[in-house]
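Peer 1: Below is a structure I'd like to ask you about.
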Amino acid sequence: MCKLAVFASGNGSNFQSIIDAIEGGQLQATCEVLICDQPSAKVLERAEKANIPAFVFKIKDFENKSAFERAILEKLRDYDVHFIALAGYMRLIGPTLLEAYEHKIVNIHPSLLPAFPGLDAIGQAFRAGVKVTGVTIHYVDSGMDTGPIIAQQAVEISDDETEESLRKKIHTVEHVLYPQTLAHVFEKNKQEASNK
Ligand code: GAR
């Protein structure tokens with residue numbers, strides 16, 4: 001069984017969809033721990049409700065990013081974490097975690113990458129006036145919303161779309177696509193491990 005850590009910074013609706021899929025048996029994994037960088041994030045309440053250990057690491061409490069990530073890494077090792085899913089974690093992953101979890105970190109982003117990387121991808125797409133945007137799930141590398149793409153799903157922007165209605169559409173897609181994609185990735189990893 002894959003031991004997962006979720007990293008999140010905000011509301012945590014994607015964290016919720018992952019733990020619900022685990023609970024519902026659609027995702028063969030355990031969510032061992034939530035890592036959060038914002039003490040007031042709503043995702044912490046969700047973790048508490050689900051009885052998932054949650055830890056806040058504030059970058060300001062550390063000398064530098066490497067020390068910040070070393071502290072996170074220690075926590076991940078305490079929980080024997082195999083895999084990391086970023087779910088609205090608004091921080092670049094540095095070399096410390098990338099080296100420790102090579103090809104084992106995935107991210108969800110609310111656009112069809114490489115279009116609209118970075119902050120507020122939904123607002124960026126809406127303001128650009130594109131007719132199609134979507135959701136991307138990709139392996140994480142050192143860039144901002146870069147790294148090999150695993151899955152994408154398009155979302156159409158209708159003529160009477162508002163930014164709010166688009167946000168809802170995107171989240172609805174995310175909440176299905178992320179657990180589904182993680183299930184495929186874990187299955188592939190399991191097969192590769194058993195072929196070794
Ligand atoms: C999601 O839309 C996710 O795709 C996005 O943050 C939101 C978090 O929502 N991530 C990024 O923009 C990463 N660059 P949530 O806290 O409700 O899961």
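FYI, nothing fancy with the structure tokens labels: chains A, B, ... in order, residues from 1 per chain, ligands from 1 as they appear.
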Would you list, as a list of chain:residue names, the residues of segment 51-162 of chain A that end up in strand (DSSP E or B) under DSSP run on this structure's backbone?
Peer 2: A:Ala54, A:Phe55, A:Val56, A:Phe83, A:Ile84, A:Ala85, A:Leu86, A:Ile105, A:Val106, A:Asn107, A:Ile108, A:His109, A:Val132, A:Thr133, A:Gly134, A:Val135, A:Thr136, A:Ile137, A:His138, A:Tyr139, A:Ile149, A:Ile150, A:Ala151, A:Gln152, A:Gln153, A:Ala154, A:Val155, A:Glu156
Peer 1: Please write the residues from the selection above to a file, keeping C-alpha atoms, as a PDB file, in the first residue's frame.
Peer 2:
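File produced: again-v8.pdb:
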ATOM      1  CA  ALA A  54      -0.924  17.467  10.270  1.00  0.00           C
ATOM      2  CA  PHE A  55       2.194  19.574  10.690  1.00  0.00           C
ATOM      3  CA  VAL A  56       2.749  23.229   9.918  1.00  0.00           C
ATOM      4  CA  PHE A  83       4.939   9.489  -2.267  1.00  0.00           C
ATOM      5  CA  ILE A  84       4.008  13.189  -2.123  1.00  0.00           C
ATOM      6  CA  ALA A  85       0.918  14.790  -3.678  1.00  0.00           C
ATOM      7  CA  LEU A  86       0.944  18.584  -3.841  1.00  0.00           C
ATOM      8  CA  ILE A 105       6.158  14.036  -6.228  1.00  0.00           C
ATOM      9  CA  VAL A 106       3.121  15.070  -8.265  1.00  0.00           C
ATOM     10  CA  ASN A 107       1.241  18.339  -8.526  1.00  0.00           C
ATOM     11  CA  ILE A 108      -2.170  19.458  -9.704  1.00  0.00           C
ATOM     12  CA  HIS A 109      -2.521  22.753 -11.553  1.00  0.00           C
ATOM     13  CA  VAL A 132     -10.705  26.164 -23.407  1.00  0.00           C
ATOM     14  CA  THR A 133      -8.689  25.731 -20.239  1.00  0.00           C
ATOM     15  CA  GLY A 134      -8.464  22.751 -17.913  1.00  0.00           C
ATOM     16  CA  VAL A 135      -6.536  20.796 -15.323  1.00  0.00           C
ATOM     17  CA  THR A 136      -3.063  19.246 -15.446  1.00  0.00           C
ATOM     18  CA  ILE A 137      -1.423  16.677 -13.220  1.00  0.00           C
ATOM     19  CA  HIS A 138       2.329  16.400 -13.579  1.00  0.00           C
ATOM     20  CA  TYR A 139       5.493  15.152 -11.936  1.00  0.00           C
ATOM     21  CA  ILE A 149       2.676  15.763 -17.691  1.00  0.00           C
ATOM     22  CA  ILE A 150       0.746  12.701 -16.504  1.00  0.00           C
ATOM     23  CA  ALA A 151      -2.863  13.678 -17.216  1.00  0.00           C
ATOM     24  CA  GLN A 152      -4.868  16.600 -18.538  1.00  0.00           C
ATOM     25  CA  GLN A 153      -8.545  17.329 -18.882  1.00  0.00           C
ATOM     26  CA  ALA A 154      -9.999  20.212 -20.839  1.00  0.00           C
ATOM     27  CA  VAL A 155     -12.745  22.499 -19.537  1.00  0.00           C
ATOM     28  CA  GLU A 156     -14.668  24.685 -21.949  1.00  0.00           C
TER      29      GLU A 156
END
Peer 1: Mind checking which residues fall within 9 Å of segment 185-190 of chain A, counting only C-alpha atoms, ignoring those fewer than 2 positions away in the same chain, and posting them as a PyMOL selection string?
Peer 2: chain A and resi 1-2+27-29+83+150+180-183+192-195
Peer 1: Write out as a PyMOL selection string each polymer residue (protein, DNA or RNA) that has an atom no more than 10 Å from ligand 1, with only C-alpha atoms and all ligand atoms counted.
Peer 2: chain A and resi 7-18+41-43+86-92+107-111+116-122+134-137+144-146+167-168+170-175+178
Peer 1: Take atom CA of His103 of chain A and atom CA of Ser142 of chain A and report the distance between them in Å, one decimal.
Peer 2: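 Interatomic distance, atom CA of His103 of chain A to atom CA of Ser142 of chain A: 11.8 Å.
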Peer 1: Could you go through segment 122-171 of chain A and tell me which residues DSSP, when run on the backbone, assigns to alpha helix (DSSP H), listing them as a list of chain:residue names?
Peer 2: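 DSSP on the backbone gives alpha helix (DSSP H) at A:Ile122, A:Gly123, A:Gln124, A:Ala125, A:Phe126, A:Arg127, A:Ala128, A:Glu163, A:Glu164, A:Ser165, A:Leu166, A:Arg167, A:Lys168, A:Lys169, A:Ile170, A:His171.
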Peer 1: Between atom CA of Lys65 of chain A and atom CA of Gly94 of chain A, what is the distance in Å, rounded to a tenth?
Peer 2: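 Result for atom CA of Lys65 of chain A versus atom CA of Gly94 of chain A: 7.4 Å, one decimal.
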Peer 1: Quick one: residues within 12 Å of Asp159 of chain A, only C-alpha atoms, excluding same-chain residues fewer than 3 positions away - as a ChimeraX atom specification?
Peer 2: /A:126,129-132,156,162-163,165-166
Peer 1: Would you save the residues from that selection as a short mmCIF file (atom, residue, chain, number, x, y, z; two decimals), in the first residue's frame, using N, CA and C atoms?
Peer 2:
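Wrote result-v9.cif, looks like this:
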data_model
loop_
_atom_site.label_atom_id
_atom_site.label_comp_id
_atom_site.auth_asym_id
_atom_site.auth_seq_id
_atom_site.Cartn_x
_atom_site.Cartn_y
_atom_site.Cartn_z
N PHE A 126 -9.26 33.10 -17.59
CA PHE A 126 -10.51 33.84 -17.78
C PHE A 126 -10.23 35.20 -18.42
N GLY A 129 -9.33 35.35 -22.08
CA GLY A 129 -10.42 35.15 -23.05
C GLY A 129 -10.31 33.86 -23.84
N VAL A 130 -9.55 32.90 -23.34
CA VAL A 130 -9.47 31.62 -24.06
C VAL A 130 -10.80 30.89 -23.95
N LYS A 131 -11.04 29.99 -24.88
CA LYS A 131 -12.31 29.25 -24.88
C LYS A 131 -12.19 27.88 -24.24
N VAL A 132 -10.95 27.46 -24.06
CA VAL A 132 -10.71 26.16 -23.41
C VAL A 132 -9.57 26.33 -22.41
N GLU A 156 -14.28 23.61 -21.03
CA GLU A 156 -14.67 24.69 -21.95
C GLU A 156 -15.14 25.92 -21.19
N THR A 162 -18.65 33.06 -15.88
CA THR A 162 -18.05 34.05 -14.98
C THR A 162 -16.81 33.40 -14.39
N GLU A 163 -15.97 34.21 -13.80
CA GLU A 163 -14.76 33.63 -13.21
C GLU A 163 -15.15 32.62 -12.13
N SER A 165 -17.97 30.80 -11.95
CA SER A 165 -18.51 29.54 -12.49
C SER A 165 -17.38 28.70 -13.08
N LEU A 166 -16.38 29.37 -13.65
CA LEU A 166 -15.23 28.63 -14.19
C LEU A 166 -14.47 27.95 -13.06
#
Peer 1: Looking at only C-alpha atoms, which of A:Leu34, A:Gly123, A:Val176, A:Ala115 is the one that sits closest to Arg46 of chain A?
Peer 2: A:Leu34
Peer 1: I'd like the neighbourhood of segment 68-76 of chain A as a PyMOL selection string, where a residue qualifies if any of its atoms comes within 12 Å (using only C-alpha atoms), though same-chain residues fewer than 4 positions away should be ignored.
Peer 2: chain A and resi 3-7+31-37+53-64+80-84+91-101
Peer 1: Those same residues, written as a tab-separated table (two decimals), in the first residue's frame with C-alpha atoms?
Peer 2:
chain	number	residue	atom	x	y	z
A	3	LYS	CA	2.02	5.68	1.98
A	4	LEU	CA	1.14	9.17	0.86
A	5	ALA	CA	1.84	12.65	2.21
A	6	VAL	CA	-0.24	15.57	0.97
A	7	PHE	CA	1.22	19.08	0.95
A	31	CYS	CA	-2.66	9.29	3.72
A	32	GLU	CA	-0.08	9.24	6.48
A	33	VAL	CA	0.41	12.95	7.00
A	34	LEU	CA	-0.53	16.44	5.87
A	35	ILE	CA	2.23	19.03	5.51
A	36	CYS	CA	1.08	22.64	5.50
A	37	ASP	CA	2.98	25.95	5.33
A	53	PRO	CA	-1.63	13.95	11.52
A	54	ALA	CA	-0.92	17.47	10.27
A	55	PHE	CA	2.19	19.57	10.69
A	56	VAL	CA	2.75	23.23	9.92
A	57	PHE	CA	6.19	24.30	8.76
A	58	LYS	CA	6.60	28.06	8.44
A	59	ILE	CA	9.46	29.02	6.18
A	60	LYS	CA	10.19	32.07	8.39
A	61	ASP	CA	11.09	29.78	11.30
A	62	PHE	CA	14.06	28.37	9.37
A	63	GLU	CA	17.41	29.76	8.38
A	64	ASN	CA	16.87	28.96	4.71
A	80	ASP	CA	7.72	6.30	6.21
A	81	VAL	CA	6.18	8.30	3.36
A	82	HIS	CA	6.64	6.86	-0.17
A	83	PHE	CA	4.94	9.49	-2.27
A	84	ILE	CA	4.01	13.19	-2.12
A	91	ARG	CA	5.68	26.90	-2.85
A	92	LEU	CA	8.40	25.59	-5.15
A	93	ILE	CA	9.92	22.27	-4.12
A	94	GLY	CA	13.67	22.57	-3.61
A	95	PRO	CA	16.55	20.15	-4.22
A	96	THR	CA	16.38	18.60	-0.72
A	97	LEU	CA	12.92	17.12	-1.29
A	98	LEU	CA	13.36	16.59	-5.04
A	99	GLU	CA	16.42	14.42	-4.49
A	100	ALA	CA	14.85	12.44	-1.65
A	101	TYR	CA	11.62	11.83	-3.60
